[in-house]
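What's in my_file-v9.pdb: PDB, C-alpha atoms, pLDDT in the B column
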ATOM      1  CA  MET K  11     115.949 161.030 216.436  1.00 77.00           C
ATOM      2  CA  LEU K  12     119.414 159.728 217.173  1.00 86.00           C
ATOM      3  CA  THR K  13     120.542 156.390 215.780  1.00 90.00           C
ATOM      4  CA  ASN K  14     122.135 153.819 218.097  1.00 90.00           C
ATOM      5  CA  ASP K  15     125.621 154.889 216.976  1.00 93.00           C
ATOM      6  CA  GLU K  16     124.774 158.560 217.498  1.00 93.00           C
ATOM      7  CA  ARG K  17     123.366 157.865 220.974  1.00 92.00           C
ATOM      8  CA  GLU K  18     126.557 156.050 221.875  1.00 92.00           C
ATOM      9  CA  ALA K  19     128.727 158.889 220.507  1.00 95.00           C
ATOM     10  CA  PHE K  20     126.655 161.465 222.429  1.00 95.00           C
ATOM     11  CA  ALA K  21     126.844 159.543 225.708  1.00 93.00           C
ATOM     12  CA  LEU K  22     130.587 158.903 225.324  1.00 94.00           C
ATOM     13  CA  ALA K  23     131.295 162.580 224.595  1.00 96.00           C
ATOM     14  CA  VAL K  24     129.384 163.641 227.723  1.00 96.00           C
ATOM     15  CA  MET K  25     130.896 160.938 229.937  1.00 95.00           C
ATOM     16  CA  GLU K  26     134.465 161.556 228.764  1.00 96.00           C
ATOM     17  CA  GLU K  27     134.219 165.253 229.598  1.00 97.00           C
ATOM     18  CA  VAL K  28     132.325 165.104 232.883  1.00 97.00           C
ATOM     19  CA  ARG K  29     134.414 162.258 234.331  1.00 96.00           C
ATOM     20  CA  ARG K  30     137.523 164.480 234.066  1.00 96.00           C
ATOM     21  CA  TRP K  31     136.116 167.064 236.490  1.00 97.00           C
ATOM     22  CA  PRO K  32     137.676 166.770 239.945  1.00 95.00           C
ATOM     23  CA  GLY K  33     135.511 164.904 242.440  1.00 95.00           C
ATOM     24  CA  VAL K  34     133.017 163.533 239.911  1.00 97.00           C
ATOM     25  CA  GLU K  35     131.935 159.953 240.358  1.00 95.00           C
ATOM     26  CA  LEU K  36     130.065 157.970 237.687  1.00 95.00           C
ATOM     27  CA  ARG K  37     127.566 155.255 238.514  1.00 94.00           C
ATOM     28  CA  PRO K  38     124.678 153.488 236.798  1.00 91.00           C
ATOM     29  CA  HIS K  39     121.391 155.373 236.979  1.00 91.00           C
ATOM     30  CA  PRO K  40     118.570 153.150 238.228  1.00 84.00           C
ATOM     31  CA  SER K  41     115.603 152.694 235.933  1.00 79.00           C
ATOM     32  CA  ALA K  42     112.253 153.953 237.220  1.00 77.00           C
ATOM     33  CA  ALA K  43     110.406 151.585 234.882  1.00 79.00           C
ATOM     34  CA  ALA K  44     112.413 148.424 235.631  1.00 80.00           C
ATOM     35  CA  PRO K  45     113.567 148.205 239.264  1.00 83.00           C
ATOM     36  CA  GLY K  46     117.020 146.683 239.622  1.00 83.00           C
ATOM     37  CA  GLU K  47     118.049 147.696 236.113  1.00 86.00           C
ATOM     38  CA  SER K  48     120.059 150.645 234.839  1.00 87.00           C
ATOM     39  CA  ASP K  49     118.788 153.342 232.479  1.00 85.00           C
ATOM     40  CA  GLY K  50     121.890 155.409 231.869  1.00 91.00           C
ATOM     41  CA  ILE K  51     124.759 156.987 233.779  1.00 94.00           C
ATOM     42  CA  GLU K  52     124.593 159.439 236.638  1.00 95.00           C
ATOM     43  CA  PHE K  53     127.265 161.896 237.709  1.00 97.00           C
ATOM     44  CA  ARG K  54     127.771 162.676 241.404  1.00 96.00           C
ATOM     45  CA  LEU K  55     129.788 165.178 243.403  1.00 95.00           C
ATOM     46  CA  TYR K  56     130.015 164.898 247.195  1.00 89.00           C
ATOM     47  CA  GLY K  57     127.396 162.150 247.021  1.00 89.00           C
ATOM     48  CA  ARG K  58     124.913 164.512 245.346  1.00 92.00           C
ATOM     49  CA  GLN K  59     123.712 164.039 241.821  1.00 93.00           C
ATOM     50  CA  ILE K  60     124.941 166.564 239.253  1.00 96.00           C
ATOM     51  CA  GLY K  61     122.680 164.977 236.660  1.00 96.00           C
ATOM     52  CA  HIS K  62     122.234 161.862 234.601  1.00 95.00           C
ATOM     53  CA  VAL K  63     122.060 160.795 230.962  1.00 95.00           C
ATOM     54  CA  HIS K  64     119.399 158.259 230.034  1.00 92.00           C
ATOM     55  CA  ALA K  65     119.787 155.627 227.318  1.00 88.00           C
ATOM     56  CA  ASP K  66     117.651 157.816 225.014  1.00 90.00           C
ATOM     57  CA  CYS K  67     120.185 160.673 225.542  1.00 91.00           C
ATOM     58  CA  SER K  68     117.860 162.839 227.592  1.00 93.00           C
ATOM     59  CA  VAL K  69     119.778 164.658 230.305  1.00 96.00           C
ATOM     60  CA  HIS K  70     118.129 165.329 233.678  1.00 95.00           C
ATOM     61  CA  LEU K  71     119.484 167.782 236.266  1.00 94.00           C
ATOM     62  CA  SER K  72     118.431 168.605 239.799  1.00 90.00           C
ATOM     63  CA  LEU K  73     118.878 172.369 240.080  1.00 92.00           C
ATOM     64  CA  THR K  74     117.651 174.929 242.553  1.00 89.00           C
ATOM     65  CA  LYS K  75     114.173 176.117 241.617  1.00 90.00           C
ATOM     66  CA  ALA K  76     115.522 179.576 240.736  1.00 89.00           C
ATOM     67  CA  LEU K  77     118.261 178.148 238.515  1.00 91.00           C
ATOM     68  CA  LYS K  78     115.786 175.813 236.833  1.00 93.00           C
ATOM     69  CA  GLU K  79     113.448 178.753 236.147  1.00 92.00           C
ATOM     70  CA  ARG K  80     116.355 180.689 234.612  1.00 91.00           C
ATOM     71  CA  VAL K  81     117.534 177.901 232.262  1.00 93.00           C
ATOM     72  CA  VAL K  82     113.932 177.203 231.255  1.00 94.00           C
ATOM     73  CA  HIS K  83     113.318 180.937 230.699  1.00 93.00           C
ATOM     74  CA  ASP K  84     116.494 181.124 228.574  1.00 92.00           C
ATOM     75  CA  GLN K  85     115.308 178.037 226.638  1.00 94.00           C
ATOM     76  CA  LEU K  86     118.408 176.073 227.649  1.00 94.00           C
ATOM     77  CA  ALA K  87     116.341 173.256 229.205  1.00 95.00           C
ATOM     78  CA  GLN K  88     112.752 172.245 229.843  1.00 94.00           C
ATOM     79  CA  PRO K  89     110.988 171.421 233.101  1.00 92.00           C
ATOM     80  CA  LEU K  90     110.861 167.698 233.789  1.00 85.00           C
ATOM     81  CA  GLU K  91     107.313 166.640 232.852  1.00 81.00           C
ATOM     82  CA  PHE K  92     106.631 164.378 235.830  1.00 76.00           C
ATOM     83  CA  ALA K  93     108.071 166.882 238.347  1.00 76.00           C
ATOM     84  CA  PRO K  94     107.122 170.339 237.001  1.00 71.00           C
ATOM     85  CA  THR K  95     107.171 172.138 240.364  1.00 76.00           C
ATOM     86  CA  SER K  96     110.525 170.720 241.481  1.00 83.00           C
ATOM     87  CA  GLY K  97     114.028 171.862 240.572  1.00 88.00           C
ATOM     88  CA  TRP K  98     114.409 169.066 238.001  1.00 92.00           C
ATOM     89  CA  ALA K  99     115.083 170.151 234.424  1.00 95.00           C
ATOM     90  CA  MET K 100     115.771 168.174 231.272  1.00 95.00           C
ATOM     91  CA  PHE K 101     117.434 168.506 227.911  1.00 96.00           C
ATOM     92  CA  ASN K 102     116.694 166.229 224.948  1.00 94.00           C
ATOM     93  CA  ALA K 103     119.579 165.735 222.564  1.00 93.00           C
ATOM     94  CA  MET K 104     118.691 165.739 218.874  1.00 93.00           C
ATOM     95  CA  THR K 105     122.225 165.427 217.434  1.00 93.00           C
ATOM     96  CA  VAL K 106     125.628 164.260 218.614  1.00 93.00           C
ATOM     97  CA  ALA K 107     126.720 167.921 218.611  1.00 94.00           C
ATOM     98  CA  ASP K 108     124.149 168.549 221.363  1.00 95.00           C
ATOM     99  CA  SER K 109     126.664 166.931 223.712  1.00 96.00           C
ATOM    100  CA  ALA K 110     128.276 170.379 224.092  1.00 95.00           C
ATOM    101  CA  HIS K 111     124.978 171.778 225.380  1.00 95.00           C
ATOM    102  CA  ALA K 112     124.458 168.822 227.733  1.00 96.00           C
ATOM    103  CA  ILE K 113     127.989 169.319 229.075  1.00 97.00           C
ATOM    104  CA  TRP K 114     127.268 173.024 229.610  1.00 95.00           C
ATOM    105  CA  LEU K 115     124.176 172.206 231.692  1.00 96.00           C
ATOM    106  CA  LEU K 116     126.032 169.579 233.731  1.00 97.00           C
ATOM    107  CA  ARG K 117     128.915 172.024 234.273  1.00 96.00           C
ATOM    108  CA  LEU K 118     126.436 174.646 235.502  1.00 94.00           C
ATOM    109  CA  ASN K 119     125.202 172.248 238.161  1.00 95.00           C
ATOM    110  CA  TYR K 120     128.757 171.078 238.950  1.00 95.00           C
ATOM    111  CA  VAL K 121     129.787 174.671 239.686  1.00 93.00           C
ATOM    112  CA  ARG K 122     126.660 175.162 241.827  1.00 92.00           C
ATOM    113  CA  LEU K 123     127.413 172.081 243.909  1.00 92.00           C
ATOM    114  CA  ARG K 124     131.108 172.967 244.297  1.00 91.00           C
ATOM    115  CA  ARG K 125     130.235 176.523 245.384  1.00 88.00           C
ATOM    116  CA  GLN K 126     127.891 175.176 248.061  1.00 85.00           C
ATOM    117  CA  ARG K 127     130.846 173.457 249.721  1.00 84.00           C
ATOM    118  CA  LEU K 128     132.955 176.600 249.957  1.00 83.00           C
ATOM    119  CA  THR K 129     132.936 179.782 251.966  1.00 79.00           C
ATOM    120  CA  PRO K 130     132.725 182.996 249.919  1.00 79.00           C
ATOM    121  CA  LEU K 131     136.449 183.624 250.464  1.00 83.00           C
ATOM    122  CA  ALA K 132     137.404 180.100 249.374  1.00 85.00           C
ATOM    123  CA  ALA K 133     135.158 180.340 246.303  1.00 84.00           C
ATOM    124  CA  ALA K 134     136.714 183.666 245.298  1.00 84.00           C
ATOM    125  CA  GLY K 135     140.185 182.121 245.433  1.00 90.00           C
ATOM    126  CA  SER K 136     139.364 178.783 243.779  1.00 91.00           C
ATOM    127  CA  ALA K 137     141.220 178.329 240.501  1.00 93.00           C
ATOM    128  CA  LEU K 138     139.041 175.298 239.738  1.00 93.00           C
ATOM    129  CA  LEU K 139     135.820 177.324 240.066  1.00 90.00           C
ATOM    130  CA  LYS K 140     137.259 180.111 237.928  1.00 90.00           C
ATOM    131  CA  GLN K 141     138.196 177.590 235.227  1.00 93.00           C
ATOM    132  CA  HIS K 142     134.723 176.010 235.150  1.00 92.00           C
ATOM    133  CA  GLU K 143     132.898 179.327 235.353  1.00 88.00           C
ATOM    134  CA  ALA K 144     134.975 180.590 232.422  1.00 89.00           C
ATOM    135  CA  ALA K 145     133.999 177.469 230.473  1.00 90.00           C
ATOM    136  CA  LEU K 146     130.340 178.363 231.056  1.00 89.00           C
ATOM    137  CA  GLY K 147     130.968 181.572 229.135  1.00 84.00           C
ATOM    138  CA  ASP K 148     128.215 184.108 228.563  1.00 78.00           C
ATOM    139  CA  VAL K 149     125.488 181.683 227.485  1.00 78.00           C
ATOM    140  CA  SER K 150     123.184 182.792 230.286  1.00 81.00           C
ATOM    141  CA  PRO K 151     124.209 185.851 232.309  1.00 76.00           C
ATOM    142  CA  GLY K 152     121.148 185.323 234.520  1.00 77.00           C
ATOM    143  CA  ALA K 153     122.255 181.781 235.370  1.00 83.00           C
ATOM    144  CA  SER K 154     125.745 183.063 236.131  1.00 78.00           C
ATOM    145  CA  ARG K 155     124.338 185.609 238.586  1.00 75.00           C
ATOM    146  CA  LEU K 156     122.284 182.889 240.280  1.00 78.00           C
ATOM    147  CA  LEU K 157     125.408 180.751 240.659  1.00 76.00           C
ATOM    148  CA  GLN K 158     127.024 183.549 242.623  1.00 73.00           C
ATOM    149  CA  ARG K 159     124.011 183.604 244.966  1.00 70.00           C
ATOM    150  CA  THR K 160     124.138 179.855 245.631  1.00 66.00           C
ATOM    151  CA  GLN K 161     127.440 180.467 247.373  1.00 56.00           C
ATOM    152  CA  ALA K 162     126.507 182.737 250.221  1.00 51.00           C
ATOM    153  CA  ARG K 163     127.529 180.667 253.223  1.00 53.00           C
ATOM    154  CA  SER K 164     129.885 181.706 255.961  1.00 55.00           C
ATOM    155  CA  ARG K 165     130.679 178.017 256.545  1.00 60.00           C
ATOM    156  CA  PRO K 166     130.782 175.156 254.018  1.00 58.00           C
ATOM    157  CA  ARG K 167     128.047 172.531 253.989  1.00 60.00           C
ATOM    158  CA  PRO K 168     128.942 169.279 255.732  1.00 66.00           C
ATOM    159  CA  LEU K 169     129.767 166.261 253.597  1.00 65.00           C
ATOM    160  CA  PRO K 170     126.880 163.822 253.195  1.00 66.00           C
ATOM    161  CA  SER K 171     127.094 160.320 254.577  1.00 67.00           C
ATOM    162  CA  LEU K 172     128.749 157.772 252.302  1.00 64.00           C
ATOM    163  CA  GLU K 173     126.359 155.063 253.444  1.00 66.00           C
ATOM    164  CA  LEU K 174     123.719 154.016 250.930  1.00 57.00           C
TER     165      LEU K 174
END

Could I get this file's structure written as structure tokens?
Amino acid sequence: MLTNDEREAFALAVMEEVRRWPGVELRPHPSAAAPGESDGIEFRLYGRQIGHVHADCSVHLSLTKALKERVVHDQLAQPLEFAPTSGWAMFNAMTVADSAHAIWLLRLNYVRLRRQRLTPLAAAGSALLKQHEAALGDVSPGASRLLQRTQARSRPRPLPSLEL
């Protein structure tokens, strides 16, 4: 169990890294238990959630079902208990050093969302995608293969509305 200081250090490490990624927007994550209150920070790209970190340092990500199955199979995350059949996955930090793993999972979803906005030709020539994919390393070759499949569009997806 993380102490208050460790939770703060974990959250700061994750936020400091993810906020540097081009296009990422940070905003308070609404609490499901207390409407109108915040329960952590969420990271968004193109108006879509990359993931969020709760006050208890659990990290939740909305992945494709196939990508979620792969990270769960590789024991890199667990299915979200209250949404087991969805694409939501979670990771529970046990130490401050687990921030590196949380960042890896968030980067995986960041790359997925960026790829969805690009044509195959644009993705192949994107220095930014190459940099982030290299940072993912060889942790999960299966997840890396699935990332390549998420980007199979001849035209990019349209931007979502900015209205709330």

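Residue nearest Gln88 of chain K within the list K:Arg159, K:His64, K:His70, K:Arg30: K:His70 [criterion: smallest interatomic distance, all atoms listed in the file].
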
Pick out the residues sitting within 12 Å of Arg117 of chain K, and hand them over as an NGL selection string; count all atoms listed in the file, and ignore anything fewer than 2 positions along from it in its own chain. :K and (24 or 27-32 or 34 or 53-55 or 60-61 or 71 or 73 or 109-115 or 119-124 or 138-139 or 141-147 or 153-154 or 157)

Selected residue, from K:Glu47, K:Leu77, K:Ser41, K:Val63, that lies nearest to Pro151 of chain K when counting all atoms listed in the file: K:Leu77

Residues matched by the PyMOL selection byres ((chain K and resi 14) around 12) as a PDB file with C-alpha atoms, in the frame of the given file:
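File part31.pdb, as written:
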ATOM      1  CA  MET K  11     115.949 161.030 216.436  1.00 77.00           C
ATOM      2  CA  LEU K  12     119.414 159.728 217.173  1.00 86.00           C
ATOM      3  CA  THR K  13     120.542 156.390 215.780  1.00 90.00           C
ATOM      4  CA  ASP K  15     125.621 154.889 216.976  1.00 93.00           C
ATOM      5  CA  GLU K  16     124.774 158.560 217.498  1.00 93.00           C
ATOM      6  CA  ARG K  17     123.366 157.865 220.974  1.00 92.00           C
ATOM      7  CA  GLU K  18     126.557 156.050 221.875  1.00 92.00           C
ATOM      8  CA  ALA K  19     128.727 158.889 220.507  1.00 95.00           C
ATOM      9  CA  PHE K  20     126.655 161.465 222.429  1.00 95.00           C
ATOM     10  CA  ALA K  21     126.844 159.543 225.708  1.00 93.00           C
ATOM     11  CA  ALA K  65     119.787 155.627 227.318  1.00 88.00           C
ATOM     12  CA  ASP K  66     117.651 157.816 225.014  1.00 90.00           C
ATOM     13  CA  CYS K  67     120.185 160.673 225.542  1.00 91.00           C
ATOM     14  CA  THR K 105     122.225 165.427 217.434  1.00 93.00           C
ATOM     15  CA  VAL K 106     125.628 164.260 218.614  1.00 93.00           C
TER      16      VAL K 106
END

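For the file at hand, the PyMOL selection byres ((chain K and resi 40) around 12) resolves to Arg37, Pro38, His39, Ser41, Ala42, Ala43, Ala44, Pro45, Gly46, Glu47, Ser48, Asp49, Gly50, Ile51, Glu52, His62, Val63, His64 and Ala65 of chain K.
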
Tell me which residues the PyMOL selection byres ((chain K and resi 78) around 9) grabs here, as a PyMOL selection string. chain K and resi 71-77+79-83+87-89+96-99+153

Take the residues just selected and output them with C-alpha atoms as an mmCIF file, in the frame of the given file.
data_model
loop_
_atom_site.group_PDB
_atom_site.id
_atom_site.type_symbol
_atom_site.label_atom_id
_atom_site.label_comp_id
_atom_site.auth_asym_id
_atom_site.auth_seq_id
_atom_site.Cartn_x
_atom_site.Cartn_y
_atom_site.Cartn_z
ATOM 1 C CA LEU K 71 119.484 167.782 236.266
ATOM 2 C CA SER K 72 118.431 168.605 239.799
ATOM 3 C CA LEU K 73 118.878 172.369 240.080
ATOM 4 C CA THR K 74 117.651 174.929 242.553
ATOM 5 C CA LYS K 75 114.173 176.117 241.617
ATOM 6 C CA ALA K 76 115.522 179.576 240.736
ATOM 7 C CA LEU K 77 118.261 178.148 238.515
ATOM 8 C CA GLU K 79 113.448 178.753 236.147
ATOM 9 C CA ARG K 80 116.355 180.689 234.612
ATOM 10 C CA VAL K 81 117.534 177.901 232.262
ATOM 11 C CA VAL K 82 113.932 177.203 231.255
ATOM 12 C CA HIS K 83 113.318 180.937 230.699
ATOM 13 C CA ALA K 87 116.341 173.256 229.205
ATOM 14 C CA GLN K 88 112.752 172.245 229.843
ATOM 15 C CA PRO K 89 110.988 171.421 233.101
ATOM 16 C CA SER K 96 110.525 170.720 241.481
ATOM 17 C CA GLY K 97 114.028 171.862 240.572
ATOM 18 C CA TRP K 98 114.409 169.066 238.001
ATOM 19 C CA ALA K 99 115.083 170.151 234.424
ATOM 20 C CA ALA K 153 122.255 181.781 235.370
#

Grab the atom CA of Glu91 of chain K to atom CA of Met104 of chain K distance for me, in Å with one decimal place.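 Taking atom CA of Glu91 of chain K as the start and atom CA of Met104 of chain K as the end point, the length is 18.0 Å.
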